[in-house]
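Working notes, beginning with the structure itself.
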Amino acid sequence: GENVEQHPSTLSVQEGDSAVIKCTYSDSASNYFPWYKQELGKGPQLIIDIRSNVGEKKDQRIAVTLNKTAKHFSLHITETQPEDSAVYFCAARGLTGGGNKLTFGTGTQLKVEL
Amino acid sequence: GAGVSQSPRYKVAKRGQDVALRCDPISGHVSLFWYQQALGQGPEFLTYFQNEAQLDKSGLPSDRFFAERPEGSVSTLKIQRTQQEDSAVYLCASSLGLNTEAFFGQGTRLTVV
């Protein structure tokens with residue numbers, strides 16, 4: 001089955017700096033890669049996603065890049081703000097197991113310091 | 001409602017007790033998923049429904065776990081004879097269909113004492 005690894009596990013940045021979180025996946029058939037933000041006591045919230053036919057996608061301060069050859073994808077947050085502090089999860093969805101379940105990374109605790 | 005609703009938000013069960021967790025998906029969403037999230041970990045897939053059909057239950061950890069969605073809308077995850085290792089947040093997600101965005105509920109935090 002799919003295996004997703006995520007780094008770093010914790011990330012501390014100064015307000016206004018950029019933050020980068022990286023993930024790798026194992027199943028070359030995976031074709032959909034969402035990123036979720038989870039605040040304490042809440043469920044994961046989708047912030048951006050990318051499909052395998054696209055190399056990069058941007059939405060305001062958030063961007064995601066995908067390298068299918070290397071099976072890497074990354075989340076980039078620019079001009080970080082204190083409200084960006086949360087746990088971020090990458091995930092991958094492939095064609096195995098019915099083709100609809102997400103395999104998540106272990107999460108990155110992002111702290112944006114004033 | 002506007003989002004995925006789960007109840008109860010918190011559940012404390014004595015070891016050996018049976019529990020039932022409810023999920024109300026977004027209206028019109030055909031696909032429904034259950035995930036288990038242990039403390040400090042990412043969500044792990046349990047099971048998946050397309051309408052009332054349970055198409056994948058490969059993630060259910062044991063035969064003590066049972067999920068149903070009899071009318072293709074509300075779903076219930078039942079855990080029989082709860083054990084301490086069942087303590088986790090149970091997340092429900094729904095999506096319009098295959099290959100579409102999944103929306104998560106706030107989860108039910110289960111603590112087995």
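All residue names refer to the structure tokens as shown: chains lettered A, B, ... in order, residues numbered from 1 in each chain, ligands numbered from 1 in order.
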
For Lys42 in chain A, please output as JSON, numbers by chain all residues within 12 Å (counting only C-alpha atoms; exclusion window: fewer than 6 positions along the same chain).
-> {"A": [36, 86, 87], "B": [4, 5, 6, 9, 37, 89, 90, 91, 92, 104, 105, 106, 107, 108, 109]}

Given only C-alpha atoms, how would the per-residue table for chain A near chain B read, listing every residue at most 12 Å away with its closest atom pair and distance in Å to one decimal, sorted by chain and number, as a Markdown table?
```
| residue | atom | partner | partner_atom | distance |
| --- | --- | --- | --- | --- |
| A:Gly1 | CA | B:Ser58 | CA | 11.1 |
| A:Glu2 | CA | B:Phe45 | CA | 11.5 |
| A:Asn3 | CA | B:Glu44 | CA | 11.3 |
| A:Val4 | CA | B:Gly42 | CA | 10.3 |
| A:Glu5 | CA | B:Gly42 | CA | 10.7 |
| A:Gln6 | CA | B:Gly42 | CA | 10.2 |
| A:Ser9 | CA | B:Gly40 | CA | 10.0 |
| A:Thr10 | CA | B:Gly40 | CA | 11.4 |
| A:Ser30 | CA | B:Asn99 | CA | 11.3 |
| A:Asn31 | CA | B:Asn99 | CA | 9.3 |
| A:Tyr32 | CA | B:Asn99 | CA | 7.9 |
| A:Phe33 | CA | B:Glu101 | CA | 10.4 |
| A:Pro34 | CA | B:Glu101 | CA | 8.5 |
| A:Trp35 | CA | B:Glu101 | CA | 10.9 |
| A:Tyr36 | CA | B:Phe104 | CA | 9.9 |
| A:Lys37 | CA | B:Phe104 | CA | 11.0 |
| A:Gln38 | CA | B:Gln106 | CA | 9.8 |
| A:Glu39 | CA | B:Gln106 | CA | 10.1 |
| A:Leu40 | CA | B:Gln106 | CA | 10.1 |
| A:Gly41 | CA | B:Gln106 | CA | 7.3 |
| A:Lys42 | CA | B:Gln106 | CA | 4.8 |
| A:Gly43 | CA | B:Gln106 | CA | 4.1 |
| A:Pro44 | CA | B:Phe104 | CA | 6.0 |
| A:Gln45 | CA | B:Phe104 | CA | 6.8 |
| A:Leu46 | CA | B:Phe103 | CA | 7.3 |
| A:Ile47 | CA | B:Glu101 | CA | 10.7 |
| A:Ile48 | CA | B:Glu101 | CA | 10.0 |
| A:Asp49 | CA | B:Glu101 | CA | 8.7 |
| A:Ile50 | CA | B:Glu101 | CA | 10.8 |
| A:Arg51 | CA | B:Asn99 | CA | 9.9 |
| A:Val87 | CA | B:Gly40 | CA | 9.5 |
| A:Tyr88 | CA | B:Gly42 | CA | 9.4 |
| A:Phe89 | CA | B:Gly42 | CA | 6.9 |
| A:Cys90 | CA | B:Gly42 | CA | 9.0 |
| A:Ala91 | CA | B:Gly42 | CA | 9.2 |
| A:Ala92 | CA | B:Asn99 | CA | 11.6 |
| A:Arg93 | CA | B:Asn99 | CA | 8.7 |
| A:Gly94 | CA | B:Asn99 | CA | 9.6 |
| A:Leu95 | CA | B:Asn99 | CA | 10.0 |
| A:Thr96 | CA | B:Asp56 | CA | 10.6 |
| A:Gly97 | CA | B:Asp56 | CA | 6.9 |
| A:Gly98 | CA | B:Asp56 | CA | 6.7 |
| A:Gly99 | CA | B:Leu98 | CA | 7.9 |
| A:Asn100 | CA | B:Leu98 | CA | 6.3 |
| A:Lys101 | CA | B:Phe45 | CA | 6.8 |
| A:Leu102 | CA | B:Phe45 | CA | 7.0 |
| A:Thr103 | CA | B:Glu44 | CA | 6.9 |
| A:Phe104 | CA | B:Gly42 | CA | 5.7 |
| A:Gly105 | CA | B:Gly42 | CA | 5.9 |
| A:Thr106 | CA | B:Gly42 | CA | 4.7 |
| A:Gly107 | CA | B:Gly42 | CA | 6.0 |
| A:Thr108 | CA | B:Gly42 | CA | 9.7 |
| A:Gln109 | CA | B:Gly40 | CA | 9.6 |
```

Residues at most 9 Å from Thr65 in chain A, counting only C-alpha atoms, excluding those fewer than 2 positions away in the same chain, as a ChimeraX atom specification?
-> /A:50,54-58,63,67,72-76

Go ahead and dump the residues you just picked, all heavy atoms, as a short mmCIF file (atom, residue, chain, number, x, y, z; two decimals), in the first residue's frame.
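Output contents, as saved in selection.cif:
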```
data_model
loop_
_atom_site.label_atom_id
_atom_site.label_comp_id
_atom_site.auth_asym_id
_atom_site.auth_seq_id
_atom_site.Cartn_x
_atom_site.Cartn_y
_atom_site.Cartn_z
N ILE A 50 -3.24 19.26 -5.19
CA ILE A 50 -2.66 19.23 -6.52
C ILE A 50 -2.87 17.85 -7.11
O ILE A 50 -2.83 16.85 -6.39
CB ILE A 50 -1.16 19.63 -6.48
CG1 ILE A 50 -0.61 19.84 -7.89
CG2 ILE A 50 -0.34 18.59 -5.72
CD1 ILE A 50 0.75 20.53 -7.91
N VAL A 54 -0.32 18.20 -12.88
CA VAL A 54 0.10 19.59 -12.66
C VAL A 54 1.36 19.57 -11.82
O VAL A 54 1.49 18.76 -10.90
CB VAL A 54 -1.02 20.37 -11.93
CG1 VAL A 54 -0.54 21.77 -11.58
CG2 VAL A 54 -2.27 20.42 -12.79
N GLY A 55 2.31 20.48 -12.10
CA GLY A 55 3.55 20.51 -11.35
C GLY A 55 3.55 21.50 -10.20
O GLY A 55 4.31 21.33 -9.25
N GLU A 56 2.70 22.52 -10.30
CA GLU A 56 2.69 23.54 -9.28
C GLU A 56 1.32 24.20 -9.24
O GLU A 56 0.65 24.35 -10.26
CB GLU A 56 3.76 24.60 -9.56
CG GLU A 56 3.88 25.66 -8.49
CD GLU A 56 5.06 26.61 -8.72
OE1 GLU A 56 5.82 26.39 -9.68
OE2 GLU A 56 5.21 27.56 -7.94
N LYS A 57 0.92 24.60 -8.03
CA LYS A 57 -0.36 25.30 -7.87
C LYS A 57 -0.20 26.32 -6.77
O LYS A 57 0.46 26.05 -5.76
CB LYS A 57 -1.46 24.29 -7.52
CG LYS A 57 -2.85 24.87 -7.41
CD LYS A 57 -3.85 23.74 -7.14
CE LYS A 57 -5.25 24.26 -6.97
NZ LYS A 57 -6.21 23.14 -6.69
N LYS A 58 -0.79 27.50 -6.97
CA LYS A 58 -0.63 28.57 -5.98
C LYS A 58 -1.98 29.17 -5.65
O LYS A 58 -2.85 29.32 -6.51
CB LYS A 58 0.31 29.64 -6.54
CG LYS A 58 0.73 30.69 -5.54
CD LYS A 58 1.77 31.63 -6.12
CE LYS A 58 2.20 32.66 -5.08
NZ LYS A 58 3.23 33.58 -5.61
N ALA A 63 1.47 27.67 -1.74
CA ALA A 63 1.77 27.01 -3.01
C ALA A 63 2.16 25.57 -2.74
O ALA A 63 2.67 25.23 -1.66
CB ALA A 63 2.90 27.73 -3.74
N ASN A 67 6.72 16.73 -7.77
CA ASN A 67 7.71 16.11 -8.65
C ASN A 67 7.36 14.63 -8.74
O ASN A 67 7.69 13.85 -7.85
CB ASN A 67 9.12 16.32 -8.08
CG ASN A 67 10.21 15.74 -8.98
OD1 ASN A 67 9.99 14.75 -9.69
ND2 ASN A 67 11.38 16.34 -8.95
N HIS A 72 7.96 13.35 -4.86
CA HIS A 72 8.03 14.36 -3.81
C HIS A 72 6.96 15.40 -4.04
O HIS A 72 6.66 15.75 -5.18
CB HIS A 72 9.38 15.11 -3.86
CG HIS A 72 10.56 14.30 -3.44
ND1 HIS A 72 11.85 14.79 -3.51
CD2 HIS A 72 10.67 13.06 -2.93
CE1 HIS A 72 12.68 13.87 -3.07
NE2 HIS A 72 12.00 12.81 -2.72
N PHE A 73 6.42 15.94 -2.94
CA PHE A 73 5.58 17.13 -3.07
C PHE A 73 5.79 17.99 -1.83
O PHE A 73 6.11 17.48 -0.75
CB PHE A 73 4.11 16.80 -3.33
CG PHE A 73 3.43 15.94 -2.30
CD1 PHE A 73 2.38 16.44 -1.55
CD2 PHE A 73 3.77 14.59 -2.13
CE1 PHE A 73 1.71 15.64 -0.63
CE2 PHE A 73 3.11 13.79 -1.21
CZ PHE A 73 2.08 14.32 -0.45
N SER A 74 5.65 19.29 -2.01
CA SER A 74 6.00 20.24 -0.94
C SER A 74 4.95 21.33 -0.81
O SER A 74 4.32 21.72 -1.79
CB SER A 74 7.35 20.90 -1.24
OG SER A 74 8.38 19.94 -1.32
N LEU A 75 4.81 21.81 0.41
CA LEU A 75 3.93 22.95 0.72
C LEU A 75 4.81 24.14 1.06
O LEU A 75 5.74 24.02 1.85
CB LEU A 75 3.03 22.61 1.91
CG LEU A 75 2.11 23.73 2.39
CD1 LEU A 75 0.99 23.97 1.38
CD2 LEU A 75 1.53 23.40 3.77
N HIS A 76 4.49 25.27 0.45
CA HIS A 76 5.24 26.50 0.70
C HIS A 76 4.26 27.56 1.20
O HIS A 76 3.26 27.84 0.53
CB HIS A 76 5.90 27.01 -0.59
CG HIS A 76 6.80 26.02 -1.26
ND1 HIS A 76 8.16 26.12 -1.27
CD2 HIS A 76 6.51 24.87 -1.93
CE1 HIS A 76 8.68 25.09 -1.93
NE2 HIS A 76 7.70 24.31 -2.34
#
```

Test item: residues at most 6 Å from Glu52 in chain B, only C-alpha atoms, excluding those fewer than 5 positions along its chain, as a list in words =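 With the cut-off at 6 Å, the set is Arg69, Pro70, Glu71 and Gly72 of chain B.
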
Selection file, N, CA, C and O atoms, as a PDB file, in the first residue's frame:
```pdb
ATOM      1  N   ARG B  69     -24.057   2.391   7.085  1.00  0.00           N
ATOM      2  CA  ARG B  69     -24.647   3.601   6.491  1.00  0.00           C
ATOM      3  C   ARG B  69     -25.906   3.135   5.749  1.00  0.00           C
ATOM      4  O   ARG B  69     -25.965   3.168   4.527  1.00  0.00           O
ATOM      5  N   PRO B  70     -26.904   2.705   6.472  1.00  0.00           N
ATOM      6  CA  PRO B  70     -28.033   1.965   5.896  1.00  0.00           C
ATOM      7  C   PRO B  70     -28.838   2.703   4.830  1.00  0.00           C
ATOM      8  O   PRO B  70     -29.362   2.064   3.922  1.00  0.00           O
ATOM      9  N   GLU B  71     -28.931   4.023   4.930  1.00  0.00           N
ATOM     10  CA  GLU B  71     -29.734   4.767   3.956  1.00  0.00           C
ATOM     11  C   GLU B  71     -28.879   5.675   3.092  1.00  0.00           C
ATOM     12  O   GLU B  71     -29.399   6.571   2.419  1.00  0.00           O
ATOM     13  N   GLY B  72     -27.579   5.453   3.134  1.00  0.00           N
ATOM     14  CA  GLY B  72     -26.702   6.237   2.270  1.00  0.00           C
ATOM     15  C   GLY B  72     -26.482   7.661   2.724  1.00  0.00           C
ATOM     16  O   GLY B  72     -25.966   8.486   1.955  1.00  0.00           O
TER      17      GLY B  72
END
```

Interatomic distance, CA of Ile21 in chain A to CA of Lys71 in chain A (Å, one decimal) |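 According to the coordinates, CA of Ile21 in chain A and CA of Lys71 in chain A are separated by 14.4 Å.
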
Just the strand (DSSP E) stuff from chain A, please, per backbone DSSP, written as a PyMOL selection string.
-> chain A and resi 4-7+10-14+19-25+32-38+45-51+56-59+62-67+72-77+86-93+102-104+108-113

Residues of chain A in helix (DSSP H, G or I) according to DSSP, as JSON, numbers by chain?
-> {"A": [82, 83, 84, 96, 97, 98]}

With C-alpha atoms retained, write the just-selected residues as an mmCIF file, in the first residue's frame.
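Generated output (part_33.cif):
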```
data_model
loop_
_atom_site.group_PDB
_atom_site.id
_atom_site.type_symbol
_atom_site.label_atom_id
_atom_site.label_comp_id
_atom_site.auth_asym_id
_atom_site.auth_seq_id
_atom_site.Cartn_x
_atom_site.Cartn_y
_atom_site.Cartn_z
ATOM 1 C CA PRO A 82 0.602 33.827 13.707
ATOM 2 C CA GLU A 83 -2.727 32.366 12.558
ATOM 3 C CA ASP A 84 -0.791 29.970 10.320
ATOM 4 C CA THR A 96 -5.252 0.907 -4.885
ATOM 5 C CA GLY A 97 -7.795 -0.121 -2.280
ATOM 6 C CA GLY A 98 -10.785 1.225 -4.155
#
```

With a distance cut-off of 12 Å and only C-alpha atoms, select the neighbouring residues of Leu114 in chain A, excluding the residue or stretch itself and same-chain residues fewer than 3 positions from it, and output the selection as a list in words.
->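 Using only C-alpha atoms, the neighbours found are Ser12, Val13, Gln14, Glu15, Gly16, Asp17, Thr80, Gln81, Pro82, Glu83, Asp84, Ser85 and Lys111 of chain A.
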
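Compared by their closest atoms to Thr24 in chain A, and using only C-alpha atoms, the residues A:Asp59, A:Leu11, A:Asn53, A:Lys68 rank with A:Lys68 nearest.
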
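Computed from the coordinates, the CA of Gln17 in chain B to CA of Gln83 in chain B distance equals 8.5 Å.
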